[in-house]
Amino acid sequence: MTIGVLALQGDFDAHRRRLEELGAKVVLVKKPQQLDEIDGLVIPGGESGTFLKLLGEEGFEKLKQFVRLKPTFGTCAGAILLASEVENPRQAGLGAIDIRIRRNAYGRQLDSSIRQGKLLQSSLNHELDSALEMVFIRAPRIERAGSAVEVIATEGKDNVPVAVRQGTAMAATFHPELSEDTRVHQAFLDLIGSCGTDTRVRR
């Protein structure tokens with residue numbers, strides 16, 4: 001199993017270290033053609049508009065094709081890129097997960113925080129309302145989730161979705177790579193394992 005981490009910006013190296021801790025082989029993806037060589041991809045945090053500029057038209061189309069075929073996990077800015085709808089402001093996305101997401105909904109960099117949320121029972125793990133530390137940095141907020149979207153984790157008294165899955169795509173609005181808890185990354189590895197190497201997987 002070879003996992004790629006999109007290494008155009010953001011703290012991609014923290015994802016690399018976490019995945020390697022869990023036994024995965026990791027490559028840093030900087031060129032579109034590298035997507036042909038991996039079994040799954042992590043899109044890290046950063047600035048989603050900058051990601052689009054750095055990807056360029058060719059890279060964006062290659063990435064869009066990839067997320068239709070193979071498991072992809074986006075955190076923070078990566079979650080924004082995977083969404084079907086983006087607000088504040090509107091922005092093009094990959095449309096991999098049927099969610100509406102609002103950029104910077106938790107405030108500016110100074111409003112960054114560590115919160116306790118809940119990891120829910122899901123088809124990827126067997127936890128049930130288990131506490132999960134979540135690091136939010138200029139985080140987006142999921143304001144709508146379609147009927148085909150599975151909520152993996154929630155936060156706050158209103159149980160706002162903060163980690164979701166649809167088919168072979170996962171997204172988290174927080175930064176699991178900055179916590180000591182490995183379960184979110186392990187859930188992504190489990191998802192890749194359940195897909196095997198069959199690139200015909202569709203959502």
# chains A, B, ... in the order shown; residues from 1 in each chain; ligands from 1
>>> select_by_dssp(residues="chain A", states="alpha helix (DSSP H)", output="PyMOL selection string")
chain A and resi 12-21+48-69+77-82+183-195
>>> closest_atom_pairs(of="region 130-187 of chain A", to="region 11-32 of chain A", cutoff="12 Å", atoms="only C-alpha atoms", output="JSON lines")
{"residue": "A:Ile137", "atom": "CA", "partner": "A:Asp11", "partner_atom": "CA", "distance": 11.8}
{"residue": "A:His175", "atom": "CA", "partner": "A:His15", "partner_atom": "CA", "distance": 9.4}
{"residue": "A:Pro176", "atom": "CA", "partner": "A:His15", "partner_atom": "CA", "distance": 8.6}
{"residue": "A:Glu177", "atom": "CA", "partner": "A:His15", "partner_atom": "CA", "distance": 5.5}
{"residue": "A:Leu178", "atom": "CA", "partner": "A:Ala14", "partner_atom": "CA", "distance": 7.2}
{"residue": "A:Ser179", "atom": "CA", "partner": "A:Arg18", "partner_atom": "CA", "distance": 9.7}
{"residue": "A:Glu180", "atom": "CA", "partner": "A:Arg18", "partner_atom": "CA", "distance": 9.1}
{"residue": "A:Asp181", "atom": "CA", "partner": "A:Arg18", "partner_atom": "CA", "distance": 9.7}
{"residue": "A:Thr182", "atom": "CA", "partner": "A:Arg18", "partner_atom": "CA", "distance": 7.4}
{"residue": "A:Arg183", "atom": "CA", "partner": "A:Leu22", "partner_atom": "CA", "distance": 9.9}
{"residue": "A:Val184", "atom": "CA", "partner": "A:Arg18", "partner_atom": "CA", "distance": 10.4}
{"residue": "A:His185", "atom": "CA", "partner": "A:Leu19", "partner_atom": "CA", "distance": 7.0}
{"residue": "A:Gln186", "atom": "CA", "partner": "A:Leu22", "partner_atom": "CA", "distance": 7.2}
{"residue": "A:Ala187", "atom": "CA", "partner": "A:Leu22", "partner_atom": "CA", "distance": 10.9}
>>> closest_residue(among="A:Gly59, A:Gly49, A:Pro71, A:Gly117", to="Ala92 (chain A)", atoms="only C-alpha atoms")
A:Gly49
>>> closest_residue(among="A:Asn104, A:Thr2, A:Ser113, A:Ser130", to="Gln34 (chain A)", atoms="only C-alpha atoms")
A:Thr2
>>> closest_residue(among="A:Glu143, A:Asp39, A:Asp98, A:Glu155", to="Lys118 (chain A)", atoms="only C-alpha atoms")
A:Glu155
>>> residues_around(residues="Gly10 (chain A)", least_positions_apart="6", cutoff="8 Å", atoms="only C-alpha atoms", output="VMD selection string")
chain A and resid 44 to 47
>>> residues_around(residues="region 157-172 of chain A", least_positions_apart="6", cutoff="6 Å", atoms="only C-alpha atoms", output="tab-separated table (two decimals) with N, CA, C and O atoms, in the first residue's frame")
chain	number	residue	atom	x	y	z
A	71	PRO	N	-9.26	6.05	-3.08
A	71	PRO	CA	-9.52	6.71	-1.80
A	71	PRO	C	-8.73	8.00	-1.63
A	71	PRO	O	-7.53	8.06	-1.90
A	72	THR	N	-9.42	9.01	-1.13
A	72	THR	CA	-8.83	10.34	-0.92
A	72	THR	C	-9.33	10.89	0.40
A	72	THR	O	-10.51	10.78	0.73
A	73	PHE	N	-8.42	11.49	1.18
A	73	PHE	CA	-8.76	12.05	2.49
A	73	PHE	C	-8.29	13.50	2.52
A	73	PHE	O	-7.09	13.78	2.35
A	74	GLY	N	-9.21	14.44	2.72
A	74	GLY	CA	-8.87	15.85	2.78
A	74	GLY	C	-9.09	16.40	4.17
A	74	GLY	O	-10.13	16.15	4.80
A	75	THR	N	-8.12	17.16	4.69
A	75	THR	CA	-8.26	17.81	5.99
A	75	THR	C	-8.24	19.32	5.82
A	75	THR	O	-7.39	19.85	5.09
A	79	ALA	N	-10.53	19.28	2.80
A	79	ALA	CA	-11.98	19.03	2.88
A	79	ALA	C	-12.75	20.00	2.00
A	79	ALA	O	-13.74	19.63	1.36
A	97	ILE	N	-17.61	14.80	-2.33
A	97	ILE	CA	-18.48	14.55	-1.19
A	97	ILE	C	-19.63	15.56	-1.24
A	97	ILE	O	-19.40	16.76	-1.41
A	149	VAL	N	-24.02	10.81	2.61
A	149	VAL	CA	-22.81	11.13	3.36
A	149	VAL	C	-22.90	10.53	4.76
A	149	VAL	O	-23.88	10.74	5.48
A	150	GLU	N	-21.88	9.80	5.16
A	150	GLU	CA	-21.81	9.21	6.50
A	150	GLU	C	-21.00	10.13	7.40
A	150	GLU	O	-19.88	10.52	7.07
A	151	VAL	N	-21.56	10.51	8.54
A	151	VAL	CA	-20.87	11.35	9.51
A	151	VAL	C	-20.01	10.47	10.41
A	151	VAL	O	-20.51	9.55	11.05
A	203	ARG	N	-18.24	6.01	-6.40
A	203	ARG	CA	-19.19	6.41	-5.37
A	203	ARG	C	-20.57	6.47	-5.97
A	203	ARG	O	-20.74	6.85	-7.11
>>> atom_distance(atom1="CA of Pro140 (chain A)", atom2="CA of Arg68 (chain A)")
22.9 Å
>>> closest_residue(among="A:Val5, A:Leu81, A:Ile142, A:Ala131", to="Val42 (chain A)", atoms="only C-alpha atoms")
A:Val5
>>> residues_around(residues="Phe136 (chain A)", least_positions_apart="4", cutoff="8 Å", atoms="only C-alpha atoms", output="PDB file with all heavy atoms, in the first residue's frame")
ATOM      1  N   TYR A 106     -14.759  29.089  11.625  1.00  0.00           N
ATOM      2  CA  TYR A 106     -14.392  29.099  13.046  1.00  0.00           C
ATOM      3  C   TYR A 106     -13.522  30.303  13.411  1.00  0.00           C
ATOM      4  O   TYR A 106     -13.004  30.384  14.514  1.00  0.00           O
ATOM      5  CB  TYR A 106     -13.655  27.807  13.406  1.00  0.00           C
ATOM      6  CG  TYR A 106     -14.562  26.591  13.516  1.00  0.00           C
ATOM      7  CD1 TYR A 106     -14.943  25.873  12.390  1.00  0.00           C
ATOM      8  CD2 TYR A 106     -15.032  26.153  14.751  1.00  0.00           C
ATOM      9  CE1 TYR A 106     -15.759  24.755  12.485  1.00  0.00           C
ATOM     10  CE2 TYR A 106     -15.849  25.039  14.860  1.00  0.00           C
ATOM     11  CZ  TYR A 106     -16.206  24.353  13.728  1.00  0.00           C
ATOM     12  OH  TYR A 106     -17.021  23.239  13.824  1.00  0.00           O
ATOM     13  N   SER A 112      -7.781  29.872  16.582  1.00  0.00           N
ATOM     14  CA  SER A 112      -7.494  28.438  16.554  1.00  0.00           C
ATOM     15  C   SER A 112      -7.704  27.837  17.946  1.00  0.00           C
ATOM     16  O   SER A 112      -7.470  28.499  18.965  1.00  0.00           O
ATOM     17  CB  SER A 112      -6.058  28.189  16.110  1.00  0.00           C
ATOM     18  OG  SER A 112      -5.848  28.721  14.818  1.00  0.00           O
ATOM     19  N   SER A 113      -8.133  26.585  17.994  1.00  0.00           N
ATOM     20  CA  SER A 113      -8.450  25.977  19.282  1.00  0.00           C
ATOM     21  C   SER A 113      -8.325  24.467  19.218  1.00  0.00           C
ATOM     22  O   SER A 113      -8.324  23.869  18.135  1.00  0.00           O
ATOM     23  CB  SER A 113      -9.875  26.350  19.701  1.00  0.00           C
ATOM     24  OG  SER A 113     -10.818  25.873  18.753  1.00  0.00           O
ATOM     25  N   ILE A 114      -8.206  23.865  20.391  1.00  0.00           N
ATOM     26  CA  ILE A 114      -8.248  22.412  20.539  1.00  0.00           C
ATOM     27  C   ILE A 114      -9.539  22.080  21.267  1.00  0.00           C
ATOM     28  O   ILE A 114      -9.809  22.603  22.344  1.00  0.00           O
ATOM     29  CB  ILE A 114      -7.034  21.886  21.321  1.00  0.00           C
ATOM     30  CG1 ILE A 114      -5.737  22.239  20.585  1.00  0.00           C
ATOM     31  CG2 ILE A 114      -7.136  20.383  21.533  1.00  0.00           C
ATOM     32  CD1 ILE A 114      -4.480  21.847  21.344  1.00  0.00           C
ATOM     33  N   ARG A 115     -10.354  21.226  20.690  1.00  0.00           N
ATOM     34  CA  ARG A 115     -11.662  20.897  21.251  1.00  0.00           C
ATOM     35  C   ARG A 115     -11.806  19.389  21.382  1.00  0.00           C
ATOM     36  O   ARG A 115     -11.123  18.626  20.714  1.00  0.00           O
ATOM     37  CB  ARG A 115     -12.776  21.445  20.353  1.00  0.00           C
ATOM     38  CG  ARG A 115     -12.630  22.925  20.035  1.00  0.00           C
ATOM     39  CD  ARG A 115     -13.791  23.418  19.203  1.00  0.00           C
ATOM     40  NE  ARG A 115     -13.607  24.816  18.813  1.00  0.00           N
ATOM     41  CZ  ARG A 115     -14.588  25.607  18.423  1.00  0.00           C
ATOM     42  NH1 ARG A 115     -15.823  25.146  18.352  1.00  0.00           N
ATOM     43  NH2 ARG A 115     -14.344  26.859  18.093  1.00  0.00           N
ATOM     44  N   THR A 173     -12.741  18.604   8.936  1.00  0.00           N
ATOM     45  CA  THR A 173     -12.527  20.050   8.982  1.00  0.00           C
ATOM     46  C   THR A 173     -11.452  20.438   9.993  1.00  0.00           C
ATOM     47  O   THR A 173     -11.016  21.578  10.020  1.00  0.00           O
ATOM     48  CB  THR A 173     -13.832  20.783   9.326  1.00  0.00           C
ATOM     49  OG1 THR A 173     -14.318  20.313  10.592  1.00  0.00           O
ATOM     50  CG2 THR A 173     -14.894  20.534   8.265  1.00  0.00           C
ATOM     51  N   PHE A 174     -11.013  19.479  10.813  1.00  0.00           N
ATOM     52  CA  PHE A 174      -9.953  19.734  11.786  1.00  0.00           C
ATOM     53  C   PHE A 174      -8.649  19.097  11.286  1.00  0.00           C
ATOM     54  O   PHE A 174      -8.579  18.617  10.150  1.00  0.00           O
ATOM     55  CB  PHE A 174     -10.342  19.203  13.173  1.00  0.00           C
ATOM     56  CG  PHE A 174     -10.668  17.733  13.196  1.00  0.00           C
ATOM     57  CD1 PHE A 174      -9.742  16.805  13.620  1.00  0.00           C
ATOM     58  CD2 PHE A 174     -11.932  17.287  12.815  1.00  0.00           C
ATOM     59  CE1 PHE A 174     -10.038  15.449  13.639  1.00  0.00           C
ATOM     60  CE2 PHE A 174     -12.243  15.929  12.839  1.00  0.00           C
ATOM     61  CZ  PHE A 174     -11.289  15.022  13.246  1.00  0.00           C
ATOM     62  N   HIS A 175      -7.619  19.106  12.136  1.00  0.00           N
ATOM     63  CA  HIS A 175      -6.293  18.614  11.754  1.00  0.00           C
ATOM     64  C   HIS A 175      -5.928  17.390  12.597  1.00  0.00           C
ATOM     65  O   HIS A 175      -5.243  17.519  13.622  1.00  0.00           O
ATOM     66  CB  HIS A 175      -5.237  19.711  11.959  1.00  0.00           C
ATOM     67  CG  HIS A 175      -5.308  20.824  10.980  1.00  0.00           C
ATOM     68  ND1 HIS A 175      -4.561  20.853   9.811  1.00  0.00           N
ATOM     69  CD2 HIS A 175      -6.054  21.957  10.971  1.00  0.00           C
ATOM     70  CE1 HIS A 175      -4.837  21.960   9.139  1.00  0.00           C
ATOM     71  NE2 HIS A 175      -5.736  22.649   9.816  1.00  0.00           N
TER      72      HIS A 175
END
>>> residues_around(residues="Phe66 (chain A)", least_positions_apart="3", cutoff="9 Å", atoms="only C-alpha atoms", output="JSON, numbers by chain")
{"A": [35, 36, 40, 41, 61, 62, 63, 69, 70, 71, 72]}
>>> write_last_selection(atoms="all heavy atoms", output="compact mmCIF listing (two decimals), in the first residue's frame")
# COMPACT_ATOMS: atom_id res chain seq x y z
N LEU A 35 0.29 10.68 -9.29
CA LEU A 35 -0.98 10.12 -8.86
C LEU A 35 -1.21 8.72 -9.42
O LEU A 35 -1.98 7.94 -8.86
CB LEU A 35 -2.13 11.05 -9.28
CG LEU A 35 -2.16 12.43 -8.61
CD1 LEU A 35 -3.23 13.30 -9.25
CD2 LEU A 35 -2.40 12.30 -7.10
N ASP A 36 -0.55 8.40 -10.52
CA ASP A 36 -0.69 7.08 -11.13
C ASP A 36 -0.01 5.99 -10.31
O ASP A 36 -0.26 4.79 -10.55
CB ASP A 36 -0.12 7.07 -12.55
CG ASP A 36 -0.87 8.01 -13.48
OD1 ASP A 36 -2.08 8.17 -13.30
OD2 ASP A 36 -0.21 8.58 -14.39
N GLY A 40 -3.80 5.64 -2.53
CA GLY A 40 -4.68 6.59 -1.85
C GLY A 40 -3.95 7.91 -1.69
O GLY A 40 -2.72 7.97 -1.81
N LEU A 41 -4.70 8.98 -1.40
CA LEU A 41 -4.11 10.31 -1.34
C LEU A 41 -4.67 11.10 -0.16
O LEU A 41 -5.87 11.06 0.11
CB LEU A 41 -4.42 11.08 -2.63
CG LEU A 41 -3.92 12.53 -2.71
CD1 LEU A 41 -2.40 12.57 -2.82
CD2 LEU A 41 -4.55 13.26 -3.90
N GLU A 61 -7.54 18.64 -13.11
CA GLU A 61 -8.27 17.60 -13.84
C GLU A 61 -7.75 16.21 -13.49
O GLU A 61 -8.52 15.26 -13.36
CB GLU A 61 -8.20 17.85 -15.34
CG GLU A 61 -9.01 19.05 -15.81
CD GLU A 61 -10.48 18.93 -15.42
OE1 GLU A 61 -11.05 17.83 -15.56
OE2 GLU A 61 -11.05 19.92 -14.95
N LYS A 62 -6.43 16.09 -13.34
CA LYS A 62 -5.83 14.81 -12.96
C LYS A 62 -6.29 14.41 -11.56
O LYS A 62 -6.63 13.24 -11.31
CB LYS A 62 -4.32 14.93 -13.00
CG LYS A 62 -3.57 13.63 -12.74
CD LYS A 62 -3.57 12.73 -13.95
CE LYS A 62 -2.66 11.53 -13.74
NZ LYS A 62 -2.69 10.60 -14.86
N LEU A 63 -6.33 15.38 -10.67
CA LEU A 63 -6.77 15.11 -9.30
C LEU A 63 -8.25 14.75 -9.26
O LEU A 63 -8.67 13.85 -8.53
CB LEU A 63 -6.49 16.34 -8.42
CG LEU A 63 -6.82 16.20 -6.93
CD1 LEU A 63 -6.05 15.05 -6.30
CD2 LEU A 63 -6.52 17.52 -6.21
N LEU A 69 -11.71 7.56 -8.59
CA LEU A 69 -11.25 6.17 -8.71
C LEU A 69 -10.67 5.59 -7.42
O LEU A 69 -10.83 4.40 -7.15
CB LEU A 69 -10.20 6.06 -9.82
CG LEU A 69 -10.65 6.41 -11.23
CD1 LEU A 69 -9.44 6.40 -12.16
CD2 LEU A 69 -11.70 5.42 -11.71
N LYS A 70 -9.97 6.41 -6.65
CA LYS A 70 -9.21 5.88 -5.52
C LYS A 70 -9.48 6.68 -4.24
O LYS A 70 -9.87 7.85 -4.29
CB LYS A 70 -7.72 5.90 -5.84
CG LYS A 70 -7.33 4.94 -6.97
CD LYS A 70 -5.83 4.91 -7.16
CE LYS A 70 -5.43 3.95 -8.28
NZ LYS A 70 -3.97 3.91 -8.47
N PRO A 71 -9.26 6.05 -3.08
CA PRO A 71 -9.52 6.71 -1.80
C PRO A 71 -8.73 8.00 -1.63
O PRO A 71 -7.53 8.06 -1.90
CB PRO A 71 -9.09 5.65 -0.78
CG PRO A 71 -9.26 4.35 -1.50
CD PRO A 71 -8.87 4.64 -2.92
N THR A 72 -9.42 9.01 -1.13
CA THR A 72 -8.83 10.34 -0.92
C THR A 72 -9.33 10.89 0.40
O THR A 72 -10.51 10.78 0.73
CB THR A 72 -9.20 11.30 -2.05
OG1 THR A 72 -8.87 10.71 -3.32
CG2 THR A 72 -8.46 12.62 -1.92
>>> select_by_dssp(residues="chain A", states="strand (DSSP E or B)", output="PDB file with C-alpha atoms, in the first residue's frame")
ATOM      1  CA  THR A   2       1.491   3.332  -1.092  1.00  0.00           C
ATOM      2  CA  ILE A   3      -0.145   6.525   0.160  1.00  0.00           C
ATOM      3  CA  GLY A   4       0.494   9.907  -1.409  1.00  0.00           C
ATOM      4  CA  VAL A   5       0.395  13.197   0.463  1.00  0.00           C
ATOM      5  CA  LEU A   6      -0.157  16.237  -1.743  1.00  0.00           C
ATOM      6  CA  LYS A  25       4.589   3.585   2.659  1.00  0.00           C
ATOM      7  CA  VAL A  26       4.282   7.307   1.886  1.00  0.00           C
ATOM      8  CA  VAL A  27       5.348   9.435  -1.067  1.00  0.00           C
ATOM      9  CA  LEU A  28       5.109  13.226  -1.302  1.00  0.00           C
ATOM     10  CA  VAL A  29       3.125  14.114  -4.417  1.00  0.00           C
ATOM     11  CA  GLY A  40      -4.680   6.592  -1.849  1.00  0.00           C
ATOM     12  CA  LEU A  41      -4.113  10.315  -1.339  1.00  0.00           C
ATOM     13  CA  VAL A  42      -4.175  12.789   1.541  1.00  0.00           C
ATOM     14  CA  ILE A  43      -4.875  16.442   0.727  1.00  0.00           C
ATOM     15  CA  THR A  72      -8.827  10.336  -0.921  1.00  0.00           C
ATOM     16  CA  PHE A  73      -8.761  12.054   2.487  1.00  0.00           C
ATOM     17  CA  GLY A  74      -8.871  15.847   2.785  1.00  0.00           C
ATOM     18  CA  THR A  75      -8.262  17.808   5.993  1.00  0.00           C
ATOM     19  CA  ALA A  83     -16.815  19.395  -1.222  1.00  0.00           C
ATOM     20  CA  SER A  84     -19.588  19.758  -3.781  1.00  0.00           C
ATOM     21  CA  GLU A  85     -20.426  23.297  -2.576  1.00  0.00           C
ATOM     22  CA  VAL A  86     -18.078  25.932  -1.149  1.00  0.00           C
ATOM     23  CA  GLU A  87     -19.105  29.272   0.377  1.00  0.00           C
ATOM     24  CA  ILE A  97     -18.485  14.552  -1.188  1.00  0.00           C
ATOM     25  CA  ASP A  98     -22.037  15.927  -1.185  1.00  0.00           C
ATOM     26  CA  ILE A  99     -21.507  18.626   1.437  1.00  0.00           C
ATOM     27  CA  ARG A 100     -21.792  22.399   1.582  1.00  0.00           C
ATOM     28  CA  ILE A 101     -18.816  23.818   3.417  1.00  0.00           C
ATOM     29  CA  ARG A 102     -18.113  27.376   4.636  1.00  0.00           C
ATOM     30  CA  SER A 113      -8.450  25.977  19.282  1.00  0.00           C
ATOM     31  CA  ILE A 114      -8.248  22.412  20.539  1.00  0.00           C
ATOM     32  CA  ARG A 115     -11.662  20.897  21.251  1.00  0.00           C
ATOM     33  CA  GLN A 116     -13.076  17.589  22.390  1.00  0.00           C
ATOM     34  CA  GLY A 117     -15.432  16.040  19.872  1.00  0.00           C
ATOM     35  CA  LYS A 118     -16.930  12.598  19.336  1.00  0.00           C
ATOM     36  CA  LEU A 119     -15.842   9.814  17.036  1.00  0.00           C
ATOM     37  CA  SER A 130     -15.774   8.005  21.775  1.00  0.00           C
ATOM     38  CA  ALA A 131     -13.971  11.229  22.766  1.00  0.00           C
ATOM     39  CA  LEU A 132     -11.627  12.615  20.113  1.00  0.00           C
ATOM     40  CA  GLU A 133      -9.231  15.579  20.393  1.00  0.00           C
ATOM     41  CA  MET A 134      -9.615  17.982  17.474  1.00  0.00           C
ATOM     42  CA  VAL A 135      -7.293  20.816  16.439  1.00  0.00           C
ATOM     43  CA  PHE A 136      -9.075  23.615  14.540  1.00  0.00           C
ATOM     44  CA  ARG A 141     -17.652  24.244   8.779  1.00  0.00           C
ATOM     45  CA  ILE A 142     -19.867  21.622   7.165  1.00  0.00           C
ATOM     46  CA  GLU A 143     -23.287  23.252   6.887  1.00  0.00           C
ATOM     47  CA  ARG A 144     -25.085  20.567   4.908  1.00  0.00           C
ATOM     48  CA  ALA A 145     -24.467  16.872   4.346  1.00  0.00           C
ATOM     49  CA  GLU A 150     -21.807   9.209   6.497  1.00  0.00           C
ATOM     50  CA  VAL A 151     -20.867  11.354   9.510  1.00  0.00           C
ATOM     51  CA  ILE A 152     -17.760   9.948  11.221  1.00  0.00           C
ATOM     52  CA  ALA A 153     -17.217  12.600  13.907  1.00  0.00           C
ATOM     53  CA  THR A 154     -19.068  15.550  15.444  1.00  0.00           C
ATOM     54  CA  GLU A 155     -18.202  18.520  17.645  1.00  0.00           C
ATOM     55  CA  VAL A 160     -21.841  19.632  14.006  1.00  0.00           C
ATOM     56  CA  PRO A 161     -20.307  17.170  11.507  1.00  0.00           C
ATOM     57  CA  VAL A 162     -16.524  17.595  11.427  1.00  0.00           C
ATOM     58  CA  ALA A 163     -15.499  14.352   9.695  1.00  0.00           C
ATOM     59  CA  VAL A 164     -17.480  12.686   6.937  1.00  0.00           C
ATOM     60  CA  ARG A 165     -17.213   9.959   4.348  1.00  0.00           C
ATOM     61  CA  GLN A 166     -18.909   9.265   1.032  1.00  0.00           C
ATOM     62  CA  ALA A 169     -13.652   9.943  -0.068  1.00  0.00           C
ATOM     63  CA  MET A 170     -13.146  11.185   3.504  1.00  0.00           C
ATOM     64  CA  ALA A 171     -12.948  14.733   4.815  1.00  0.00           C
ATOM     65  CA  ALA A 172     -12.227  16.349   8.183  1.00  0.00           C
TER      66      ALA A 172
END
